[in-house]
Structures are given as C-alpha cells and as structure tokens.
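Shown next: run_32.pdb, containing PDB, C-alpha atoms and all ligand atoms.
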```pdb
ATOM      1  CA  MET A  18     -82.606 -28.093 -18.306
ATOM      2  CA  LYS A  19     -83.986 -28.334 -14.788
ATOM      3  CA  LYS A  20     -87.676 -27.397 -14.411
ATOM      4  CA  GLY A  21     -88.744 -29.143 -11.196
ATOM      5  CA  ARG A  22     -87.814 -28.335  -7.613
ATOM      6  CA  PHE A  23     -85.438 -30.274  -5.424
ATOM      7  CA  ILE A  24     -86.232 -30.352  -1.695
ATOM      8  CA  VAL A  25     -84.083 -32.246   0.832
ATOM      9  CA  LEU A  26     -84.845 -33.207   4.430
ATOM     10  CA  GLU A  27     -81.852 -33.770   6.680
ATOM     11  CA  GLY A  28     -81.261 -34.719  10.306
ATOM     12  CA  ILE A  29     -79.790 -37.326  12.629
ATOM     13  CA  ASP A  30     -81.135 -40.908  12.711
ATOM     14  CA  GLY A  31     -84.594 -40.838  14.327
ATOM     15  CA  SER A  32     -85.177 -37.134  13.563
ATOM     16  CA  GLY A  33     -88.135 -37.955  11.298
ATOM     17  CA  THR A  34     -86.767 -37.349   7.791
ATOM     18  CA  THR A  35     -88.652 -40.350   6.358
ATOM     19  CA  THR A  36     -91.980 -39.596   8.070
ATOM     20  CA  HIS A  37     -91.861 -35.905   7.136
ATOM     21  CA  SER A  38     -90.707 -36.521   3.547
ATOM     22  CA  ASN A  39     -93.766 -38.742   3.021
ATOM     23  CA  LYS A  40     -96.177 -36.402   4.787
ATOM     24  CA  LEU A  41     -94.895 -33.416   2.828
ATOM     25  CA  ALA A  42     -95.285 -35.357  -0.430
ATOM     26  CA  ASP A  43     -98.868 -36.314   0.446
ATOM     27  CA  TYR A  44     -99.683 -32.699   1.225
ATOM     28  CA  LEU A  45     -98.181 -31.385  -2.028
ATOM     29  CA  LYS A  46     -99.960 -34.100  -4.033
ATOM     30  CA  SER A  47    -103.250 -32.990  -2.454
ATOM     31  CA  LYS A  48    -102.451 -29.541  -3.901
ATOM     32  CA  ASN A  49    -102.017 -31.127  -7.344
ATOM     33  CA  TYR A  50     -98.248 -30.972  -7.574
ATOM     34  CA  GLU A  51     -96.446 -33.899  -9.151
ATOM     35  CA  VAL A  52     -94.157 -35.151  -6.377
ATOM     36  CA  ILE A  53     -91.759 -38.075  -5.927
ATOM     37  CA  VAL A  54     -90.054 -39.065  -2.670
ATOM     38  CA  THR A  55     -86.654 -40.642  -2.898
ATOM     39  CA  GLN A  56     -83.938 -41.423  -0.368
ATOM     40  CA  GLU A  57     -80.267 -41.997   0.373
ATOM     41  CA  PRO A  58     -78.818 -44.561   0.741
ATOM     42  CA  SER A  59     -80.719 -45.173  -2.496
ATOM     43  CA  GLU A  60     -82.681 -48.217  -3.604
ATOM     44  CA  GLY A  61     -79.991 -48.974  -6.206
ATOM     45  CA  PRO A  62     -77.225 -51.622  -5.905
ATOM     46  CA  ILE A  63     -74.710 -49.314  -4.222
ATOM     47  CA  GLY A  64     -77.357 -48.189  -1.722
ATOM     48  CA  LYS A  65     -78.014 -51.824  -0.871
ATOM     49  CA  THR A  66     -74.276 -52.451  -0.392
ATOM     50  CA  ILE A  67     -74.106 -49.459   1.957
ATOM     51  CA  ARG A  68     -76.939 -50.844   4.086
ATOM     52  CA  ASP A  69     -74.984 -54.125   4.381
ATOM     53  CA  TYR A  70     -71.854 -52.222   5.405
ATOM     54  CA  LEU A  71     -73.689 -50.252   8.088
ATOM     55  CA  PHE A  72     -75.604 -53.265   9.366
ATOM     56  CA  HIS A  73     -72.416 -55.351   9.779
ATOM     57  CA  GLY A  74     -70.217 -52.476  10.943
ATOM     58  CA  TRP A  75     -67.925 -52.900   7.920
ATOM     59  CA  GLY A  76     -65.676 -50.311   6.279
ATOM     60  CA  SER A  77     -63.609 -47.320   7.355
ATOM     61  CA  PRO A  78     -64.754 -43.688   7.185
ATOM     62  CA  ALA A  79     -63.103 -43.228   3.760
ATOM     63  CA  VAL A  80     -64.845 -46.334   2.402
ATOM     64  CA  HIS A  81     -68.176 -45.029   3.703
ATOM     65  CA  ALA A  82     -67.591 -41.619   2.103
ATOM     66  CA  LEU A  83     -66.705 -43.146  -1.271
ATOM     67  CA  LEU A  84     -69.681 -45.518  -1.227
ATOM     68  CA  PHE A  85     -72.116 -42.730  -0.324
ATOM     69  CA  ALA A  86     -70.627 -40.511  -3.056
ATOM     70  CA  ALA A  87     -70.867 -43.294  -5.672
ATOM     71  CA  ASP A  88     -74.445 -44.030  -4.641
ATOM     72  CA  ARG A  89     -75.248 -40.315  -4.965
ATOM     73  CA  VAL A  90     -73.835 -40.086  -8.505
ATOM     74  CA  GLU A  91     -76.067 -42.979  -9.616
ATOM     75  CA  HIS A  92     -79.065 -41.687  -7.707
ATOM     76  CA  THR A  93     -78.594 -38.196  -9.174
ATOM     77  CA  GLU A  94     -78.099 -39.359 -12.762
ATOM     78  CA  LYS A  95     -80.706 -42.103 -12.858
ATOM     79  CA  VAL A  96     -83.447 -40.751 -10.610
ATOM     80  CA  ILE A  97     -83.173 -37.112  -9.548
ATOM     81  CA  LYS A  98     -82.086 -35.341 -12.760
ATOM     82  CA  PRO A  99     -84.622 -37.052 -15.074
ATOM     83  CA  LEU A 100     -87.453 -36.203 -12.658
ATOM     84  CA  LEU A 101     -86.358 -32.574 -12.327
ATOM     85  CA  GLU A 102     -86.141 -32.305 -16.115
ATOM     86  CA  ARG A 103     -89.762 -33.520 -16.288
ATOM     87  CA  GLY A 104     -90.799 -30.733 -13.908
ATOM     88  CA  VAL A 105     -91.461 -32.951 -10.871
ATOM     89  CA  ILE A 106     -90.943 -31.840  -7.247
ATOM     90  CA  VAL A 107     -88.352 -34.278  -5.905
ATOM     91  CA  ILE A 108     -88.161 -34.726  -2.128
ATOM     92  CA  SER A 109     -85.042 -36.561  -0.999
ATOM     93  CA  ASP A 110     -84.801 -38.113   2.447
ATOM     94  CA  ARG A 111     -81.069 -37.181   2.920
ATOM     95  CA  TYR A 112     -78.579 -35.957   0.313
ATOM     96  CA  ILE A 113     -75.158 -34.218   0.280
ATOM     97  CA  GLU A 114     -75.437 -32.708   3.795
ATOM     98  CA  SER A 115     -75.638 -36.245   5.241
ATOM     99  CA  SER A 116     -72.207 -37.003   3.767
ATOM    100  CA  ILE A 117     -70.668 -33.730   4.868
ATOM    101  CA  VAL A 118     -72.042 -34.055   8.388
ATOM    102  CA  TYR A 119     -71.764 -37.808   9.124
ATOM    103  CA  GLN A 120     -68.422 -38.313   7.374
ATOM    104  CA  THR A 121     -66.806 -35.263   9.008
ATOM    105  CA  ALA A 122     -68.160 -36.613  12.313
ATOM    106  CA  GLU A 123     -66.216 -39.770  11.382
ATOM    107  CA  GLY A 124     -63.083 -37.609  11.106
ATOM    108  CA  LEU A 125     -62.858 -36.815   7.378
ATOM    109  CA  ASP A 126     -62.137 -33.493   5.771
ATOM    110  CA  THR A 127     -65.042 -31.419   4.342
ATOM    111  CA  CYS A 128     -63.095 -30.331   1.224
ATOM    112  CA  TRP A 129     -62.415 -33.916   0.151
ATOM    113  CA  ILE A 130     -66.045 -34.903   0.722
ATOM    114  CA  GLU A 131     -67.167 -31.923  -1.394
ATOM    115  CA  GLU A 132     -64.655 -32.879  -4.082
ATOM    116  CA  ILE A 133     -65.889 -36.488  -4.429
ATOM    117  CA  ASN A 134     -69.460 -35.157  -4.473
ATOM    118  CA  LYS A 135     -68.939 -32.566  -7.173
ATOM    119  CA  PHE A 136     -71.477 -34.179  -9.537
ATOM    120  CA  ILE A 137     -74.459 -33.415  -7.325
ATOM    121  CA  VAL A 138     -77.462 -31.244  -8.184
ATOM    122  CA  GLU A 139     -77.670 -28.342  -5.704
ATOM    123  CA  PRO A 140     -80.875 -28.712  -3.673
ATOM    124  CA  ASP A 141     -83.295 -25.766  -3.992
ATOM    125  CA  LEU A 142     -84.340 -26.092  -0.368
ATOM    126  CA  THR A 143     -82.707 -28.063   2.460
ATOM    127  CA  ILE A 144     -84.674 -28.372   5.698
ATOM    128  CA  TYR A 145     -82.890 -29.542   8.816
ATOM    129  CA  LEU A 146     -84.891 -31.564  11.378
ATOM    130  CA  ASP A 147     -83.359 -31.095  14.809
ATOM    131  CA  VAL A 148     -83.953 -33.566  17.637
ATOM    132  CA  ASP A 149     -82.331 -34.538  20.914
ATOM    133  CA  PRO A 150     -80.237 -37.701  20.178
ATOM    134  CA  GLU A 151     -81.632 -39.463  23.246
ATOM    135  CA  VAL A 152     -85.213 -38.861  22.089
ATOM    136  CA  ALA A 153     -84.194 -39.956  18.578
ATOM    137  CA  LEU A 154     -82.657 -43.245  19.702
ATOM    138  CA  ASP A 155     -85.634 -43.941  21.920
ATOM    139  CA  ARG A 156     -87.821 -43.722  18.806
ATOM    140  CA  LYS A 157     -85.582 -46.195  16.970
ATOM    141  CA  LYS A 158     -86.265 -49.366  18.875
ATOM    142  CA  GLY A 159     -84.558 -52.634  17.929
ATOM    143  CA  MET A 160     -81.348 -53.146  15.959
ATOM    144  CA  ARG A 161     -78.946 -50.237  15.749
ATOM    145  CA  ASP A 162     -76.420 -49.856  12.949
ATOM    146  CA  THR A 163     -72.952 -48.275  12.767
ATOM    147  CA  PHE A 164     -74.007 -44.663  13.374
ATOM    148  CA  GLU A 165     -76.773 -45.150  15.917
ATOM    149  CA  ARG A 166     -74.891 -44.467  19.149
ATOM    150  CA  VAL A 167     -75.730 -41.546  21.403
ATOM    151  CA  GLU A 168     -72.234 -39.990  21.642
ATOM    152  CA  PHE A 169     -71.750 -40.165  17.887
ATOM    153  CA  LEU A 170     -75.196 -38.713  17.204
ATOM    154  CA  LYS A 171     -74.495 -35.819  19.605
ATOM    155  CA  LYS A 172     -71.469 -34.955  17.497
ATOM    156  CA  VAL A 173     -73.477 -35.339  14.264
ATOM    157  CA  ARG A 174     -76.202 -33.054  15.656
ATOM    158  CA  ARG A 175     -73.656 -30.373  16.630
ATOM    159  CA  ILE A 176     -72.203 -30.364  13.094
ATOM    160  CA  TYR A 177     -75.686 -30.294  11.498
ATOM    161  CA  LEU A 178     -76.644 -27.307  13.665
ATOM    162  CA  GLU A 179     -73.445 -25.412  12.816
ATOM    163  CA  ARG A 180     -73.950 -26.012   9.087
ATOM    164  CA  ALA A 181     -77.672 -25.198   9.168
ATOM    165  CA  LYS A 182     -76.892 -21.855  10.829
ATOM    166  CA  ASP A 183     -74.031 -21.132   8.418
ATOM    167  CA  LYS A 184     -76.039 -22.012   5.317
ATOM    168  CA  ASP A 185     -79.299 -20.516   6.578
ATOM    169  CA  TYR A 186     -81.241 -23.775   6.305
ATOM    170  CA  PRO A 187     -84.648 -23.706   8.006
ATOM    171  CA  ILE A 188     -84.422 -25.640  11.300
ATOM    172  CA  MET A 189     -87.451 -27.590  12.582
ATOM    173  CA  ASN A 190     -87.558 -28.799  16.179
ATOM    174  CA  THR A 191     -88.771 -32.398  15.860
ATOM    175  CA  ASN A 192     -88.905 -33.141  19.570
ATOM    176  CA  ARG A 193     -92.542 -31.978  19.118
ATOM    177  CA  PRO A 194     -95.573 -33.968  17.859
ATOM    178  CA  ILE A 195     -95.523 -34.998  14.184
ATOM    179  CA  GLU A 196     -98.552 -32.903  13.152
ATOM    180  CA  VAL A 197     -97.142 -29.712  14.673
ATOM    181  CA  VAL A 198     -93.840 -30.179  12.850
ATOM    182  CA  HIS A 199     -95.612 -31.135   9.626
ATOM    183  CA  LYS A 200     -97.587 -27.869   9.598
ATOM    184  CA  GLU A 201     -94.389 -25.898  10.088
ATOM    185  CA  ILE A 202     -92.658 -27.754   7.240
ATOM    186  CA  VAL A 203     -95.672 -27.117   4.981
ATOM    187  CA  ARG A 204     -95.546 -23.371   5.789
ATOM    188  CA  CYS A 205     -91.843 -23.287   4.998
ATOM    189  CA  VAL A 206     -92.241 -25.156   1.679
ATOM    190  CA  GLU A 207     -95.268 -23.116   0.601
ATOM    191  CA  SER A 208     -93.409 -19.923   1.243
ATOM    192  CA  TYR A 209     -90.484 -21.231  -0.836
ATOM    193  CA  LEU A 210     -92.780 -22.382  -3.699
ATOM    194  CA  SER A 211     -94.569 -19.037  -3.833
ATOM    195  CA  ARG A 212     -91.306 -17.105  -4.253
TER
HETATM  196  P1  LIG B   1     -80.912 -43.863   7.135
HETATM  197  O1  LIG B   1     -81.606 -42.673   6.638
HETATM  198  O2  LIG B   1     -80.918 -44.092   8.606
HETATM  199  O3  LIG B   1     -81.405 -45.145   6.379
HETATM  200  P2  LIG B   1     -82.526 -46.182   6.790
HETATM  201  O4  LIG B   1     -83.519 -46.063   5.687
HETATM  202  O5  LIG B   1     -81.793 -47.480   6.836
HETATM  203  O6  LIG B   1     -83.128 -45.772   8.103
HETATM  204  O7  LIG B   1     -79.409 -43.791   6.598
HETATM  205  C1  LIG B   1     -78.476 -44.749   6.958
HETATM  206  C2  LIG B   1     -77.318 -44.125   7.685
HETATM  207  O8  LIG B   1     -76.373 -43.619   6.759
HETATM  208  C3  LIG B   1     -77.665 -42.983   8.622
HETATM  209  O9  LIG B   1     -77.068 -43.251   9.873
HETATM  210  C4  LIG B   1     -76.999 -41.788   8.001
HETATM  211  C5  LIG B   1     -75.870 -42.370   7.213
HETATM  212  N1  LIG B   1     -75.441 -41.604   6.024
HETATM  213  C6  LIG B   1     -74.136 -41.140   5.961
HETATM  214  O10 LIG B   1     -73.335 -41.355   6.883
HETATM  215  N2  LIG B   1     -73.719 -40.464   4.854
HETATM  216  C7  LIG B   1     -74.544 -40.232   3.802
HETATM  217  O11 LIG B   1     -74.118 -39.612   2.805
HETATM  218  C8  LIG B   1     -75.899 -40.708   3.881
HETATM  219  C9  LIG B   1     -76.824 -40.473   2.732
HETATM  220  C10 LIG B   1     -76.310 -41.386   5.020
END
```

Could you show the structure in this file as structure tokens?
Ligand code: TYD
Amino acid sequence: MKKGRFIVLEGIDGSGTTTHSNKLADYLKSKNYEVIVTQEPSEGPIGKTIRDYLFHGWGSPAVHALLFAADRVEHTEKVIKPLLERGVIVISDRYIESSIVYQTAEGLDTCWIEEINKFIVEPDLTIYLDVDPEVALDRKKGMRDTFERVEFLKKVRRIYLERAKDKDYPIMNTNRPIEVVHKEIVRCVESYLSR
C-alpha cells in the first residue's frame, strides 16, 4: 500500500532536473518532510551499464529503450516502492517520461515503450523543466554523450512540450535564474501537497 508521494522532474539535458530535485528536497526537509532524491539512469548495475552505453555511443534505439525499461523495473522495485510504502516523499530526477520522450525522439513507437514500462508506479506529480537547448548545452561544458546534440535536443524539447501540454504537467521556464525557478517549483509542490 502506497502512503508516500512520488514527484518527478523531467526535462532535456541541462534543464536543471538534478539541481532542482536537490533544492526541492532540501526545502521539503526544512519543512520536516521525510524526502529522498533518486535518479534515472539509476545507481544500480543496469544504470551503470546505460551510462557506459551513452558515453561510448553504443547501442541502437531499441537497446536503449530496453535498458532504460529494465533499469526502471529494478529502480521501482528496489528503491521507489519500498520508500513510498514507508510514507516517504520520493523525488526522482527523470522517470517514465524520459523514455517516452527521448526514445520516441530516437524513432521508436510510444505504445511499445509504454508496454515495456508497464511495471512502473504512476508519479503523483510530474514537473517539466523547459529550457532552450542552446542555453542547456552551454551549461553542460565538457564531454557530451549520445543525446547531447543541439538538433536532437530540439526534437526532444518539442516532444516534451507536446506531452506536458497534453498531460497537463506544470511547465517551468528554466532559462531563468535558479532561485526564481526554485520558488516557482516550491509553490507548485506546496499546492499539490495541500490538496
Ligand atoms: P542524465 O540525466 O543526463 O544523466 P547524468 O546524471 O549522466 O547527467 O541522463 C542520461 C541521458 O539518458 C539523458 O540524455 C537522458 C537519457 N534518458 C533516456 O533517453 N531515456 C530514459 O528513460 C532516461 C531515464 C534517460
């Protein structure tokens, strides 16, 4: 039986999902909530394999989709579900929307991606962080992996925006300073928690 809340932050590479997941967790902890931040690709063995694949440019779109789905099953069973059962607020830096958006941007079919991800826990709140891909890549200095190319990220952003509008996910403009965005995320989460 699920008692906690499951919040997911989504967005293209460089949109700030990691920064804002951590800042949101710190804020909620200061309000005495029990909060854990987690992420995908996960810290488990499949997550590590995925990072190798992306770093070296290995694998086809279908291989990526299957690896991400397998990682998500483990992450969900071993980390997310037990925490939610304990009543914890779980904040995940990426979850199912990343697969639907990135892997359809790689040319795969949404229905198949949903099918191989049918063991997920539905997030209670998904927040989409929207940023200009050029700004995003500028923030990510240094090595770039498989998905960190401007044309690809433009496509990923377009799909994220379409899905966020369709599914009514709150959209945060993260071209703005971190503190401004953080306050907006806090308002959104507080309003959800008080419902
Ligand atoms: P990212 O959040 O950038 O990880 P890191 O901690 O290394 O910065 O995620 C790695 C990449 O994987 C990113 O480009 C998004 C992509 N991705 C997918 O394509 N599908 C998925 O299901 C997930 C979770 C991530």

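Nearest to ligand LIG 1 (chain B) of all the residues A:Thr121, A:Ser109, A:Thr34, A:Ser116 is A:Ser116, counting only C-alpha atoms and all ligand atoms.
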
| query | In Å to one decimal, how far is CA of His199 in chain A from CA of Val105 in chain A? | reply |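 Distance between the two atoms: 21.0 Å.
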
| task | Go through the chains and note each residue within 8 Å of ligand LIG 1 (chain B), using all atoms listed in the file, then give the set as a PyMOL selection string. | result | chain A and resi 29-31+34-35+56-58+67-68+71+81-82+85-86+89+110-120+162-165

Could you name the residues that touch Ser32 in chain A at 9 Å or less, counting only C-alpha atoms, but leaving out those on the same chain fewer than 6 positions away, as a PDB file with C-alpha atoms, in the coordinates of the input?
```pdb
ATOM      1  CA  LEU A 146     -84.891 -31.564  11.378  1.00  0.00           C
ATOM      2  CA  ASP A 147     -83.359 -31.095  14.809  1.00  0.00           C
ATOM      3  CA  VAL A 148     -83.953 -33.566  17.637  1.00  0.00           C
ATOM      4  CA  ASP A 149     -82.331 -34.538  20.914  1.00  0.00           C
ATOM      5  CA  PRO A 150     -80.237 -37.701  20.178  1.00  0.00           C
ATOM      6  CA  VAL A 152     -85.213 -38.861  22.089  1.00  0.00           C
ATOM      7  CA  ALA A 153     -84.194 -39.956  18.578  1.00  0.00           C
ATOM      8  CA  ARG A 156     -87.821 -43.722  18.806  1.00  0.00           C
ATOM      9  CA  THR A 191     -88.771 -32.398  15.860  1.00  0.00           C
ATOM     10  CA  ASN A 192     -88.905 -33.141  19.570  1.00  0.00           C
TER      11      ASN A 192
END
```

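Put simply, CA of Tyr44 in chain A is 27.6 Å away from CA of Arg174 in chain A.
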
Taking the file above as input, evaluate the PyMOL selection byres (((chain A and resi 39) around 10) and not hetatm) and report the hits as a PDB file with C-alpha atoms, keeping the file's coordinate frame.
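Dumped to selection_1.pdb:
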```pdb
ATOM      1  CA  THR A  34     -86.767 -37.349   7.791  1.00  0.00           C
ATOM      2  CA  THR A  35     -88.652 -40.350   6.358  1.00  0.00           C
ATOM      3  CA  THR A  36     -91.980 -39.596   8.070  1.00  0.00           C
ATOM      4  CA  HIS A  37     -91.861 -35.905   7.136  1.00  0.00           C
ATOM      5  CA  SER A  38     -90.707 -36.521   3.547  1.00  0.00           C
ATOM      6  CA  LYS A  40     -96.177 -36.402   4.787  1.00  0.00           C
ATOM      7  CA  LEU A  41     -94.895 -33.416   2.828  1.00  0.00           C
ATOM      8  CA  ALA A  42     -95.285 -35.357  -0.430  1.00  0.00           C
ATOM      9  CA  ASP A  43     -98.868 -36.314   0.446  1.00  0.00           C
ATOM     10  CA  TYR A  44     -99.683 -32.699   1.225  1.00  0.00           C
ATOM     11  CA  LEU A  45     -98.181 -31.385  -2.028  1.00  0.00           C
ATOM     12  CA  ILE A  53     -91.759 -38.075  -5.927  1.00  0.00           C
ATOM     13  CA  VAL A  54     -90.054 -39.065  -2.670  1.00  0.00           C
ATOM     14  CA  THR A  55     -86.654 -40.642  -2.898  1.00  0.00           C
ATOM     15  CA  ILE A 108     -88.161 -34.726  -2.128  1.00  0.00           C
ATOM     16  CA  SER A 109     -85.042 -36.561  -0.999  1.00  0.00           C
ATOM     17  CA  ASP A 110     -84.801 -38.113   2.447  1.00  0.00           C
TER      18      ASP A 110
END
```

| field | Which residue of A:Val52, A:Ala181, A:Val107, A:Leu154 approaches Phe169 in chain A most closely, using all atoms listed in the file | value |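 Between A:Val52, A:Ala181, A:Val107, A:Leu154, the residue approaching Phe169 in chain A most closely is A:Leu154.
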
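One distance worth recording is that between CA of Ala122 in chain A and CA of Arg22 in chain A, which is 29.2 Å.
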
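The closest residue to Leu83 in chain A, picked from A:Asp185, A:Glu131, A:Asp141, A:Glu60 and counting all atoms listed in the file, is A:Glu131.
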
| Near Thr143 in chain A, counting only C-alpha atoms, which residues have an atom at most 7 Å away, once you skip same-chain residues fewer than 2 positions from it, shown as a PyMOL selection string? | chain A and resi 24-26+140-141+145+186

If you keep C-alpha atoms, can you produce a file of those selected residues as a PDB file, in the frame of the given file?
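Output file selection.pdb follows:
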```pdb
ATOM      1  CA  ILE A  24     -86.232 -30.352  -1.695  1.00  0.00           C
ATOM      2  CA  VAL A  25     -84.083 -32.246   0.832  1.00  0.00           C
ATOM      3  CA  LEU A  26     -84.845 -33.207   4.430  1.00  0.00           C
ATOM      4  CA  PRO A 140     -80.875 -28.712  -3.673  1.00  0.00           C
ATOM      5  CA  ASP A 141     -83.295 -25.766  -3.992  1.00  0.00           C
ATOM      6  CA  TYR A 145     -82.890 -29.542   8.816  1.00  0.00           C
ATOM      7  CA  TYR A 186     -81.241 -23.775   6.305  1.00  0.00           C
TER       8      TYR A 186
END
```

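Comparing A:Glu51, A:Lys200, A:Arg193, A:Glu27 by their smallest distance to Gly104 in chain A, the closest is A:Glu51 (using only C-alpha atoms).
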
| With all atoms listed in the file as the atoms that count, which of A:Leu84, A:Pro187, A:His92, A:Leu210 lies nearest to Gly21 in chain A? |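 Once distances to Gly21 in chain A are computed over all atoms listed in the file, the minimum belongs to A:Leu210.
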